[in-house]
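To be precise, the following lines are query-v6.cif, and they hold mmCIF, C-alpha atoms.
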data_start
#
loop_
_atom_site.label_atom_id
_atom_site.label_comp_id
_atom_site.auth_asym_id
_atom_site.auth_seq_id
_atom_site.Cartn_x
_atom_site.Cartn_y
_atom_site.Cartn_z
CA MET R 1 17.53 -9.00 -24.76
CA TRP R 2 19.40 -11.90 -26.36
CA GLN R 3 22.50 -11.08 -24.33
CA ALA R 4 20.49 -11.11 -21.10
CA ILE R 5 18.94 -14.48 -21.99
CA GLN R 6 22.36 -15.90 -22.83
CA ALA R 7 23.76 -14.64 -19.51
CA ARG R 8 20.91 -16.33 -17.67
CA GLU R 9 21.38 -19.64 -19.53
CA THR R 10 25.13 -19.71 -18.93
CA GLY R 11 24.65 -18.96 -15.23
CA ARG R 12 26.28 -15.54 -15.19
CA THR R 13 22.96 -13.93 -14.21
CA PRO R 14 20.76 -15.56 -11.52
CA PRO R 15 17.15 -16.25 -12.56
CA ASN R 16 15.74 -13.81 -9.97
CA SER R 17 18.05 -11.05 -11.14
CA PHE R 18 17.07 -11.70 -14.76
CA ALA R 19 13.36 -11.52 -13.86
CA ASN R 20 13.87 -8.27 -11.93
CA GLN R 21 15.76 -6.73 -14.83
CA LEU R 22 13.00 -7.68 -17.26
CA LYS R 23 10.27 -6.30 -14.97
CA SER R 24 12.21 -3.09 -14.42
CA ARG R 25 12.59 -2.61 -18.16
CA ARG R 26 8.88 -3.21 -18.73
CA VAL R 27 7.78 -0.81 -15.97
CA SER R 28 10.12 1.91 -17.24
CA SER R 29 8.44 1.76 -20.67
CA LEU R 30 4.81 2.12 -19.54
CA GLN R 31 2.58 3.94 -22.00
CA LEU R 32 -1.10 4.14 -22.88
CA SER R 33 -2.01 0.72 -24.22
CA ASN R 34 -3.07 0.46 -27.85
CA ARG R 35 -3.91 -3.24 -27.56
CA LYS R 36 -6.21 -3.35 -24.53
CA ASP R 37 -9.32 -1.28 -23.82
CA PHE R 38 -11.76 -1.53 -20.89
CA VAL R 39 -15.38 -0.82 -21.75
CA SER R 40 -16.59 0.92 -18.61
CA PRO R 41 -20.21 0.31 -17.57
CA HIS R 42 -20.06 3.10 -14.97
CA ARG R 43 -22.02 6.32 -15.38
CA GLY R 44 -20.16 8.19 -12.67
CA SER R 45 -16.61 8.79 -11.55
CA VAL R 46 -14.67 5.61 -10.73
CA ASN R 47 -13.52 5.83 -7.10
CA SER R 48 -11.77 2.51 -6.49
CA LEU R 49 -9.72 -0.10 -8.35
CA GLN R 50 -8.08 -3.30 -7.15
CA VAL R 51 -6.62 -6.41 -8.79
CA ASP R 52 -7.22 -9.68 -6.96
CA LEU R 53 -4.31 -10.87 -4.83
CA THR R 54 -4.52 -14.56 -5.75
CA GLU R 55 -4.37 -14.68 -9.56
CA GLY R 56 -3.60 -11.07 -10.45
CA ARG R 57 -6.21 -11.31 -13.19
CA TYR R 58 -9.55 -9.81 -12.17
CA LEU R 59 -9.97 -6.07 -11.74
CA LEU R 60 -12.65 -4.78 -9.35
CA SER R 61 -14.01 -1.25 -9.70
CA GLY R 62 -16.49 0.90 -7.78
CA ALA R 63 -18.10 4.11 -9.02
CA SER R 64 -20.11 7.05 -7.76
CA ASP R 65 -23.26 5.89 -9.57
CA GLY R 66 -23.57 3.10 -6.99
CA SER R 67 -22.22 0.36 -9.27
CA ALA R 68 -19.39 -2.13 -8.96
CA ALA R 69 -17.93 -4.22 -11.79
CA VAL R 70 -15.41 -7.00 -12.36
CA PHE R 71 -13.14 -7.18 -15.44
CA ASP R 72 -10.96 -9.97 -16.78
CA THR R 73 -7.63 -8.31 -17.59
CA GLN R 74 -6.17 -11.29 -19.49
CA ARG R 75 -9.03 -12.48 -21.72
CA ALA R 76 -10.80 -10.05 -24.00
CA THR R 77 -14.51 -10.42 -24.68
CA ASP R 78 -14.30 -8.84 -28.13
CA THR R 79 -11.72 -7.57 -30.61
CA GLU R 80 -11.38 -4.68 -33.04
CA ALA R 81 -9.04 -3.65 -35.85
CA SER R 82 -8.55 -7.20 -37.14
CA GLY R 83 -7.91 -8.55 -33.67
CA LEU R 84 -5.22 -6.03 -32.71
CA ILE R 85 -7.29 -4.28 -30.02
CA GLY R 86 -8.89 -6.37 -27.29
CA LYS R 87 -12.14 -5.06 -25.82
CA HIS R 88 -12.59 -6.04 -22.17
CA LYS R 89 -16.19 -5.80 -21.08
CA CYS R 90 -17.14 -6.41 -17.47
CA VAL R 91 -17.73 -10.01 -16.46
CA PHE R 92 -20.63 -8.82 -14.31
CA SER R 93 -21.74 -5.68 -12.50
CA VAL R 94 -24.11 -4.67 -9.72
CA ASP R 95 -25.80 -1.28 -9.70
CA LYS R 96 -28.73 0.56 -8.16
CA GLY R 97 -31.17 -1.63 -10.06
CA HIS R 98 -29.92 -4.69 -8.20
CA GLU R 99 -32.13 -5.79 -5.33
CA HIS R 100 -29.19 -5.58 -2.93
CA GLY R 101 -27.36 -2.75 -4.68
CA HIS R 102 -26.10 0.45 -3.09
CA LYS R 103 -28.34 3.49 -3.29
CA PHE R 104 -25.52 6.04 -3.34
CA ALA R 105 -21.91 6.27 -4.49
CA VAL R 106 -19.56 3.32 -3.99
CA SER R 107 -16.45 4.84 -2.45
CA SER R 108 -14.41 1.65 -1.99
CA ALA R 109 -14.30 -1.85 -3.47
CA VAL R 110 -11.76 -4.47 -2.34
CA TRP R 111 -11.26 -8.17 -2.95
CA TYR R 112 -11.36 -10.85 -0.29
CA PRO R 113 -7.61 -11.62 0.04
CA ILE R 114 -7.88 -15.42 0.13
CA ASP R 115 -9.73 -15.99 -3.17
CA THR R 116 -11.97 -14.25 -5.68
CA GLY R 117 -15.19 -15.74 -4.30
CA LEU R 118 -15.99 -12.62 -2.24
CA PHE R 119 -15.54 -8.88 -2.53
CA VAL R 120 -16.42 -5.94 -0.28
CA THR R 121 -17.93 -2.58 -1.15
CA GLY R 122 -18.41 0.55 0.95
CA SER R 123 -20.85 3.27 0.03
CA PHE R 124 -22.18 6.69 0.99
CA ASP R 125 -25.46 4.99 1.92
CA HIS R 126 -23.80 4.07 5.26
CA LEU R 127 -23.46 0.39 4.29
CA VAL R 128 -20.57 -2.02 3.88
CA LYS R 129 -21.62 -5.06 1.85
CA VAL R 130 -19.93 -8.40 1.31
CA TRP R 131 -20.77 -9.92 -2.09
CA ASP R 132 -20.63 -13.46 -3.42
CA THR R 133 -18.90 -13.28 -6.79
CA ASN R 134 -20.49 -16.44 -8.19
CA THR R 135 -24.09 -15.39 -7.53
CA ALA R 136 -23.65 -11.57 -7.48
CA GLN R 137 -25.64 -11.44 -4.26
CA ALA R 138 -24.91 -9.59 -1.02
CA VAL R 139 -24.34 -12.08 1.80
CA VAL R 140 -23.50 -9.75 4.72
CA ASP R 141 -24.42 -6.12 5.44
CA PHE R 142 -22.84 -3.81 8.01
CA LYS R 143 -24.65 -0.62 8.98
CA MET R 144 -22.28 2.29 9.60
CA PRO R 145 -22.98 5.56 11.44
CA GLY R 146 -22.04 7.68 8.44
CA LYS R 147 -20.68 7.76 4.91
CA VAL R 148 -18.05 5.10 4.21
CA TYR R 149 -14.87 6.61 2.79
CA ARG R 150 -12.57 3.59 2.60
CA THR R 151 -12.50 -0.13 3.40
CA ALA R 152 -9.53 -2.48 3.62
CA MET R 153 -8.71 -6.11 4.36
CA SER R 154 -5.35 -7.51 5.44
CA SER R 155 -3.50 -9.54 2.81
CA LEU R 156 -1.58 -11.41 5.55
CA ALA R 157 -4.47 -12.31 7.84
CA MET R 158 -4.57 -16.00 8.75
CA SER R 159 -6.49 -15.79 12.05
CA HIS R 160 -9.13 -13.15 11.31
CA THR R 161 -11.38 -11.90 8.49
CA LEU R 162 -11.80 -8.29 9.54
CA ILE R 163 -12.82 -5.37 7.34
CA ALA R 164 -11.49 -2.00 8.46
CA ALA R 165 -13.94 0.76 7.59
CA GLY R 166 -13.19 4.48 7.73
CA THR R 167 -16.27 6.68 7.79
CA GLU R 168 -17.24 10.27 8.47
CA ASP R 169 -17.57 9.21 12.10
CA VAL R 170 -14.54 9.64 14.36
CA GLN R 171 -14.34 5.93 15.15
CA VAL R 172 -12.82 3.21 12.99
CA ARG R 173 -14.89 0.03 12.96
CA LEU R 174 -13.69 -3.49 12.28
CA CYS R 175 -16.34 -5.73 10.74
CA ASP R 176 -16.06 -9.50 11.17
CA ILE R 177 -17.32 -11.44 8.17
CA ALA R 178 -17.49 -14.70 10.15
CA SER R 179 -19.89 -13.35 12.79
CA GLY R 180 -21.55 -10.57 10.79
CA ALA R 181 -20.99 -8.06 13.60
CA PHE R 182 -18.51 -5.41 14.71
CA SER R 183 -15.56 -6.85 16.62
CA HIS R 184 -13.64 -3.64 17.39
CA THR R 185 -14.26 0.08 17.62
CA LEU R 186 -11.08 2.16 17.48
CA SER R 187 -11.42 5.61 19.06
CA GLY R 188 -8.83 8.36 18.81
CA HIS R 189 -9.44 10.52 15.74
CA ARG R 190 -11.12 13.87 16.20
CA ASP R 191 -12.73 13.93 12.77
CA GLY R 192 -13.78 11.54 10.03
CA VAL R 193 -11.40 8.82 8.83
CA MET R 194 -10.78 9.05 5.08
CA SER R 195 -8.08 6.40 4.58
CA VAL R 196 -7.31 3.02 6.13
CA GLU R 197 -4.46 0.62 5.29
CA TRP R 198 -3.36 -2.67 6.81
CA SER R 199 0.30 -3.34 7.45
CA THR R 200 2.08 -5.59 4.97
CA SER R 201 4.32 -7.05 7.69
CA SER R 202 1.81 -7.84 10.45
CA GLU R 203 -1.80 -8.94 10.30
CA TRP R 204 -2.56 -7.11 13.57
CA VAL R 205 -1.36 -3.61 12.67
CA LEU R 206 -3.66 -1.06 11.05
CA TYR R 207 -2.87 2.45 9.76
CA THR R 208 -5.57 5.12 9.62
CA GLY R 209 -5.55 8.68 8.33
CA GLY R 210 -8.18 11.18 9.38
CA CYS R 211 -9.61 14.52 8.41
CA ASP R 212 -7.87 15.90 11.51
CA GLY R 213 -4.50 15.46 9.78
CA ALA R 214 -3.41 12.60 12.06
CA ILE R 215 -2.07 9.18 11.09
CA ARG R 216 -2.51 6.57 13.81
CA PHE R 217 -1.04 3.10 14.21
CA TRP R 218 -3.27 0.49 15.85
CA ASP R 219 -2.58 -2.96 17.20
CA ILE R 220 -6.03 -4.52 17.20
CA ARG R 221 -5.02 -6.91 20.00
CA ARG R 222 -4.78 -4.07 22.50
CA ALA R 223 -6.75 -0.97 23.41
CA GLY R 224 -5.86 2.41 21.94
CA CYS R 225 -3.40 3.37 19.23
CA PHE R 226 0.27 2.79 19.96
CA ARG R 227 1.68 5.55 17.71
CA VAL R 228 0.64 8.91 16.31
CA LEU R 229 2.87 10.20 13.52
CA ASP R 230 4.30 13.68 13.93
CA GLN R 231 5.67 15.51 10.90
CA SER R 232 8.14 17.39 13.11
CA VAL R 233 9.78 14.16 14.32
CA THR R 234 12.21 13.44 11.51
CA GLN R 235 15.14 11.33 10.48
CA LEU R 236 17.45 12.08 7.58
CA GLY R 237 17.28 9.38 4.93
CA VAL R 238 15.96 5.84 4.95
CA ARG R 239 16.71 3.00 7.32
CA PRO R 240 20.13 1.32 6.92
CA PRO R 241 20.14 -2.07 5.17
CA ILE R 242 19.57 -5.20 7.23
CA LEU R 243 23.02 -6.64 6.45
CA LYS R 244 24.84 -3.66 7.93
CA HIS R 245 22.58 -3.72 10.96
CA THR R 246 23.28 -7.39 11.60
CA ALA R 247 27.03 -6.86 11.16
CA VAL R 248 27.06 -4.06 13.68
CA SER R 249 24.95 -6.05 16.13
CA SER R 250 27.30 -9.04 15.78
CA LYS R 251 30.29 -6.84 16.60
CA VAL R 252 28.52 -5.43 19.61
CA SER R 253 27.55 -8.90 20.81
CA ALA R 254 31.16 -10.07 20.40
CA GLU R 255 32.40 -7.15 22.44
CA LYS R 256 29.81 -7.87 25.12
CA SER R 257 30.77 -11.53 25.26
CA SER R 258 34.48 -10.68 25.58
CA SER R 259 33.82 -8.27 28.41
CA GLY R 260 31.19 -10.49 29.96
CA GLY R 261 33.65 -12.31 32.24
CA LYS R 262 35.02 -9.08 33.65
CA ASN R 263 31.57 -7.69 34.29
CA ARG R 264 30.54 -10.87 36.10
CA LEU R 265 33.57 -10.67 38.35
CA LYS R 266 32.79 -7.05 39.13
CA THR R 267 29.17 -7.80 39.97
CA LEU R 268 30.19 -10.71 42.22
CA GLN R 269 32.72 -8.51 44.01
CA SER R 270 30.19 -5.72 44.48
CA LYS R 271 27.63 -8.16 45.88
CA HIS R 272 30.24 -9.60 48.23
CA THR R 273 31.32 -6.19 49.52
CA GLY R 274 27.70 -5.07 49.78
CA SER R 275 26.82 -8.04 51.98
CA HIS R 276 29.78 -7.24 54.27
CA ASN R 277 28.66 -3.64 54.50
CA MET R 278 25.16 -4.71 55.42
CA LYS R 279 26.46 -6.93 58.17
CA GLY R 280 28.77 -4.24 59.49
CA SER R 281 26.26 -1.44 59.37
CA SER R 282 24.53 -0.42 62.56
CA SER R 283 21.09 0.18 61.01
CA GLY R 284 21.02 -2.88 58.78
CA LYS R 285 18.48 -1.29 56.42
CA PRO R 286 18.86 -2.17 52.75
CA SER R 287 19.28 0.62 50.21
CA VAL R 288 15.98 1.67 48.70
CA GLU R 289 15.92 1.82 44.86
CA LYS R 290 14.11 4.63 43.12
CA PRO R 291 10.79 3.51 41.60
CA ARG R 292 10.87 3.24 37.82
CA GLN R 293 8.78 5.70 35.89
CA LYS R 294 5.64 4.10 34.54
CA ARG R 295 5.65 3.79 30.76
CA LEU R 296 2.58 5.56 29.45
CA HIS R 297 0.76 4.61 26.31
CA PRO R 298 1.38 7.20 23.54
CA GLY R 299 -2.37 7.52 23.00
CA MET R 300 -2.73 8.65 26.60
CA LEU R 301 -0.28 11.55 26.34
CA SER R 302 -1.93 14.79 25.27
CA THR R 303 1.17 16.11 23.51
CA LEU R 304 1.62 13.01 21.34
CA ASP R 305 -2.09 12.50 20.87
CA ARG R 306 -2.48 15.87 19.15
CA ALA R 307 0.38 15.40 16.67
CA THR R 308 -0.41 15.84 12.97
CA ALA R 309 1.16 14.26 9.92
CA HIS R 310 -0.33 16.69 7.37
CA TYR R 311 -1.71 20.22 7.41
CA GLY R 312 -5.17 19.11 6.39
CA VAL R 313 -6.95 15.90 5.48
CA VAL R 314 -4.97 12.67 5.04
CA THR R 315 -6.38 11.60 1.67
CA GLY R 316 -4.34 8.46 0.98
CA LEU R 317 -2.16 5.81 2.62
CA LYS R 318 -0.04 3.09 1.03
CA ALA R 319 2.34 0.68 2.77
CA THR R 320 5.35 -0.65 0.90
CA ASN R 321 5.41 -4.36 0.14
CA ASP R 322 8.15 -5.03 2.70
CA GLY R 323 6.21 -3.20 5.42
CA MET R 324 9.15 -0.97 6.35
CA TYR R 325 7.71 2.32 5.09
CA LEU R 326 4.36 4.07 4.78
CA LEU R 327 3.43 6.63 2.13
CA SER R 328 0.84 9.28 2.88
CA ALA R 329 -0.83 11.97 0.81
CA GLY R 330 -2.67 14.99 2.18
CA SER R 331 -4.83 17.89 1.13
CA ASP R 332 -1.78 20.09 1.69
CA SER R 333 -0.47 18.62 -1.62
CA ARG R 334 2.34 16.85 0.21
CA ILE R 335 3.50 13.25 -0.02
CA ARG R 336 5.50 11.94 2.90
CA LEU R 337 7.46 8.75 3.46
CA TRP R 338 7.39 7.40 7.03
CA ASP R 339 9.55 4.82 8.73
CA THR R 340 7.09 2.42 10.32
CA GLN R 341 9.55 1.20 12.95
CA SER R 342 10.62 4.57 14.32
CA GLY R 343 7.56 6.57 13.21
CA CYS R 344 9.80 9.31 11.82
CA ASN R 345 9.33 11.48 8.76
CA THR R 346 12.19 10.67 6.36
CA LEU R 347 12.16 14.24 4.94
CA LEU R 348 12.02 12.93 1.37
CA ASN R 349 10.94 15.74 -0.94
CA PHE R 350 8.52 14.56 -3.62
CA GLU R 351 8.14 16.86 -6.62
CA THR R 352 4.37 17.01 -6.39
CA GLY R 353 1.89 19.37 -7.91
CA ARG R 354 -1.74 19.71 -6.90
CA LEU R 355 -3.50 16.81 -5.23
CA GLN R 356 -7.17 16.15 -4.54
CA THR R 357 -8.24 18.04 -1.44
CA SER R 358 -11.83 16.93 -0.85
CA LYS R 359 -11.74 13.30 -1.95
CA ALA R 360 -9.74 10.22 -1.04
CA ILE R 361 -7.13 9.12 -3.57
CA GLN R 362 -5.59 5.71 -4.13
CA LEU R 363 -1.80 5.39 -4.42
CA ALA R 364 0.10 2.51 -6.02
CA THR R 365 3.68 1.25 -5.77
CA SER R 366 6.01 -1.01 -7.73
CA ASP R 367 9.10 -2.81 -6.48
CA ASP R 368 11.44 -3.02 -9.49
CA PRO R 369 12.01 -0.18 -9.99
CA ALA R 370 10.77 1.33 -6.71
CA LEU R 371 8.15 3.81 -7.93
CA VAL R 372 5.14 5.56 -6.42
CA PHE R 373 2.16 6.33 -8.69
CA VAL R 374 0.20 9.35 -7.49
CA PRO R 375 -2.94 10.92 -9.03
CA CYS R 376 -2.20 14.62 -9.55
CA MET R 377 -5.42 16.19 -10.85
CA LYS R 378 -5.71 15.16 -14.55
CA THR R 379 -2.34 13.39 -14.69
CA VAL R 380 -0.64 10.52 -12.91
CA LYS R 381 2.97 10.97 -11.83
CA ALA R 382 5.47 8.26 -11.06
CA PHE R 383 8.05 9.26 -8.44
CA GLY R 384 11.20 7.48 -7.40
CA MET R 385 10.48 6.14 -3.95
CA TRP R 386 13.96 6.93 -2.62
CA SER R 387 14.70 10.07 -4.65
CA GLY R 388 11.31 11.80 -4.88
CA ARG R 389 11.97 12.81 -8.48
CA THR R 390 9.37 12.55 -11.22
CA THR R 391 10.40 9.72 -13.53
CA MET R 392 7.24 9.39 -15.65
CA MET R 393 4.04 11.31 -16.26
CA PHE R 394 0.88 9.75 -17.66
CA ARG R 395 -1.59 11.95 -19.52
CA GLY R 396 -4.82 10.54 -20.92
CA HIS R 397 -7.72 11.43 -18.67
CA TYR R 398 -9.99 14.37 -19.40
CA GLU R 399 -10.99 14.91 -15.77
CA SER R 400 -9.31 14.50 -12.38
CA VAL R 401 -7.82 11.09 -11.59
CA HIS R 402 -8.82 9.39 -8.34
CA THR R 403 -7.25 5.95 -8.32
CA CYS R 404 -4.11 4.11 -9.39
CA CYS R 405 -3.69 0.34 -9.32
CA PHE R 406 -0.51 -1.47 -10.33
CA ASN R 407 -0.66 -5.08 -11.51
CA SER R 408 2.67 -6.70 -10.62
CA THR R 409 1.78 -9.86 -12.56
CA ASP R 410 1.59 -8.18 -15.98
CA GLN R 411 3.46 -4.96 -15.05
CA GLU R 412 0.44 -2.86 -15.99
CA LEU R 413 -1.00 0.29 -14.44
CA TYR R 414 -4.75 0.95 -14.26
CA THR R 415 -6.05 4.46 -13.62
CA SER R 416 -9.55 5.91 -13.33
CA GLY R 417 -11.23 9.14 -12.41
CA ALA R 418 -14.09 11.54 -12.93
CA ASP R 419 -14.24 10.94 -16.70
CA ARG R 420 -15.74 7.47 -15.99
CA GLN R 421 -12.98 5.73 -17.94
CA ILE R 422 -10.53 3.01 -16.88
CA LEU R 423 -7.25 3.41 -18.77
CA VAL R 424 -4.58 0.75 -19.16
CA TRP R 425 -0.89 1.66 -19.22
CA SER R 426 1.15 -1.28 -20.47
CA PRO R 427 4.84 -1.74 -21.40
CA GLY R 428 5.64 -0.36 -24.81
CA GLY R 429 6.59 -2.76 -27.59
CA SER R 430 7.10 -6.46 -26.96
CA MET R 431 9.88 -8.92 -26.29
CA GLU R 432 9.87 -10.00 -29.95
CA ASP R 433 10.43 -6.40 -31.07
CA GLU R 434 13.36 -6.02 -28.69
CA MET R 435 14.92 -9.24 -29.96
CA VAL R 436 14.54 -8.09 -33.59
CA GLN R 437 16.15 -4.74 -32.70
CA ASP R 438 19.08 -6.53 -31.06
CA GLU R 439 19.57 -8.64 -34.20
CA GLU R 440 19.49 -5.54 -36.43
CA VAL R 441 22.07 -3.79 -34.25
CA ALA R 442 24.33 -6.85 -34.43
CA GLU R 443 24.03 -6.93 -38.24
CA ASP R 444 24.79 -3.20 -38.55
CA LYS R 445 28.02 -3.64 -36.61
CA ASP R 446 29.34 -6.05 -39.27
CA ASN R 447 28.11 -4.11 -42.32
CA TRP R 448 29.71 -0.77 -41.46
CA SER R 449 31.66 -0.68 -44.74
CA ASP R 450 28.51 -0.71 -46.87
#
Written as structure tokens, how would this file's structure read?
Amino acid sequence: MWQAIQARETGRTPPNSFANQLKSRRVSSLQLSNRKDFVSPHRGSVNSLQVDLTEGRYLLSGASDGSAAVFDTQRATDTEASGLIGKHKCVFSVDKGHEHGHKFAVSSAVWYPIDTGLFVTGSFDHLVKVWDTNTAQAVVDFKMPGKVYRTAMSSLAMSHTLIAAGTEDVQVRLCDIASGAFSHTLSGHRDGVMSVEWSTSSEWVLYTGGCDGAIRFWDIRRAGCFRVLDQSVTQLGVRPPILKHTAVSSKVSAEKSSSGGKNRLKTLQSKHTGSHNMKGSSSGKPSVEKPRQKRLHPGMLSTLDRATAHYGVVTGLKATNDGMYLLSAGSDSRIRLWDTQSGCNTLLNFETGRLQTSKAIQLATSDDPALVFVPCMKTVKAFGMWSGRTTMMFRGHYESVHTCCFNSTDQELYTSGADRQILVWSPGGSMEDEMVQDEEVAEDKDNWSD
């Protein structure tokens, strides 16, 4: 650690590179925290977890007993073992006893992306509620045609405040907080929609996964979906880096510019000869060009419209932070990585075990290193995003795990499941311990003769 700090101070290591190295080291040493404990107020399985996108401090949870709670991940409400263990009780919670509370299980709970003043919950009581965090009161209600499986809000949205709701109905509905009404109804799935995810590169693009095994891409500015993922349409490996792509395109543009003069001369000559031929021809009729084939919308083609991404229910979707790839999990116990630009299956083989088949699961990702955290029954596995190999396995829950949430601010992982507990996985040791170890190693090198 001291060597890395010295390299940063002398300028040999850029500050961003130093920060990425430190984060990568912390993520690689995740273990069950012995200094932080969440006191769960839920009396049912915890179905949803999310850390707020503004401060990275407050954790929102929703459970099957109809309750939702907010935790402060940085400030403990109580301590144990002479202050070594911090007890984090919920800041507030809403349950069935609340006058505006849900009557059945809360399947999804997400933060309003702009600030922590609002949060959204979806429930099996066919309602999507928008809550005011300061007063713990519901300010807007949306009545759905069936059970709500998943809700999502775009983290990039600057021109809309839409909530995408996937229900047991075949249609995806977009709820507008500003007007309190439905703004869009997206039709295309042939069964219920269990997972929804907004793109991390465009505020207008929405990904949905249904019980019919299909994953559809929607541009909410136009009618119909513009892409249906097909697991048989594949590409080997991931997309080439941007630098190589730009270099190749610059070479091609240079070649085009060098041959541009010749092509212009040829076109001028052909036009000149064509005009002479027209004048000299007896009929004088111009040549008729063949009509171009009309470009059909992919949602209108029966062959593309019936494509499937999984053999079964699509139980989870997660877009990478750069928006270039989409991860999907299905009841066929498969995890697939999709290229969002081409819509191809990258054929990456994840070493998965059994996944939840009848319930939606929540995936999580980290950037440095690039890992995917997947609930696999009673364990959570961390896979390399580009290799598919299992790098870490987290065991601590007594029942099946439903959700994973990664906090990039503190490099912590939060998991929850049917055992009603919220576990914290934090980096092992501390920076002070690493510095002391480095000093001891340096001293041992000089005292070898003792």
Pull the closest atom pair for each residue of range 10-123 of chain R that gets at most 6 Å from range 417-427 of chain R, along with the distance in Å to one decimal, counting only C-alpha atoms, ordering rows by chain and then ascending residue number, as CSV.
residue,atom,partner,partner_atom,distance
R:Arg26,CA,R:Pro427,CA,5.1
R:Ser29,CA,R:Pro427,CA,5.1
R:Leu30,CA,R:Pro427,CA,4.3
R:Gln31,CA,R:Trp425,CA,5.0
R:Leu32,CA,R:Trp425,CA,4.4
R:Ser33,CA,R:Trp425,CA,5.2
R:Gly44,CA,R:Arg420,CA,5.6
R:Ser45,CA,R:Ala418,CA,4.0
R:Val46,CA,R:Gly417,CA,5.2
How would the residues just chosen look if you wrote them out with C-alpha atoms as an mmCIF file, in the coordinates of the input?
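The file below, selection15.cif, is the result:
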data_model
loop_
_atom_site.group_PDB
_atom_site.id
_atom_site.type_symbol
_atom_site.label_atom_id
_atom_site.label_comp_id
_atom_site.auth_asym_id
_atom_site.auth_seq_id
_atom_site.Cartn_x
_atom_site.Cartn_y
_atom_site.Cartn_z
ATOM 1 C CA ARG R 26 8.880 -3.210 -18.730
ATOM 2 C CA SER R 29 8.440 1.760 -20.670
ATOM 3 C CA LEU R 30 4.810 2.120 -19.540
ATOM 4 C CA GLN R 31 2.580 3.940 -22.000
ATOM 5 C CA LEU R 32 -1.100 4.140 -22.880
ATOM 6 C CA SER R 33 -2.010 0.720 -24.220
ATOM 7 C CA GLY R 44 -20.160 8.190 -12.670
ATOM 8 C CA SER R 45 -16.610 8.790 -11.550
ATOM 9 C CA VAL R 46 -14.670 5.610 -10.730
#
Given all atoms listed in the file as the basis, pick out the residue of R:Ile177, R:Val139, R:Ala382, R:Ile220 nearest to Ala364 in chain R.
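Nearest candidate to Ala364 in chain R out of R:Ile177, R:Val139, R:Ala382, R:Ile220: R:Ala382.
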Which residues fall under the PyMOL selection byres ((chain R and resi 201) around 10) in this file, as JSON, numbers by chain?
{"R": [154, 155, 156, 198, 199, 200, 202, 203, 204, 205, 319, 320, 321, 322, 323, 324]}
Closest-contact table, range 122-162 of chain R side, partner range 66-74 of chain R, 12 Å, counting only C-alpha atoms, as a Markdown table:
| residue | atom | partner | partner_atom | distance |
| --- | --- | --- | --- | --- |
| R:Gly122 | CA | R:Gly66 | CA | 9.8 |
| R:Ser123 | CA | R:Gly66 | CA | 7.5 |
| R:Phe124 | CA | R:Gly66 | CA | 8.9 |
| R:Asp125 | CA | R:Gly66 | CA | 9.3 |
| R:Leu127 | CA | R:Gly66 | CA | 11.6 |
| R:Lys129 | CA | R:Ala68 | CA | 11.4 |
| R:Trp131 | CA | R:Ala68 | CA | 10.5 |
| R:Thr133 | CA | R:Val70 | CA | 9.1 |
| R:Asn134 | CA | R:Val70 | CA | 11.5 |
| R:Ala136 | CA | R:Ala69 | CA | 10.3 |
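Nearest to Thr116 in chain R of all the residues R:Lys23, R:Arg57, R:His88, R:Arg173 is R:Arg57, based on all atoms listed in the file.
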Suppose a student applies the PyMOL selection byres ((chain R and resi 95) around 8) to this structure; what residues should they get, written as a ChimeraX atom specification?
/R:65-68,93-94,96-98,101-102
With only C-alpha atoms as the counted atoms, please give the residues lying no more than 10 Å from Val140 in chain R, apart from itself and same-chain residues fewer than 4 positions off, as a list of chain:residue names.
R:Val120, R:Val128, R:Lys129, R:Val130, R:Trp131, R:Asp132, R:Asp176, R:Ile177, R:Ala178, R:Ser179, R:Gly180, R:Ala181
Taking the file as I've supplied it (selection: the PyMOL selection byres ((chain R and resi 55) around 12)), which residues are included? Please answer as a PyMOL selection string.
chain R and resi 51-54+56-59+72-74+111+113-116+407-410
Between CA of Tyr414 in chain R and CA of Arg43 in chain R, what is the spacing in Å?
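That distance, rounded to one decimal, is 18.1 Å.
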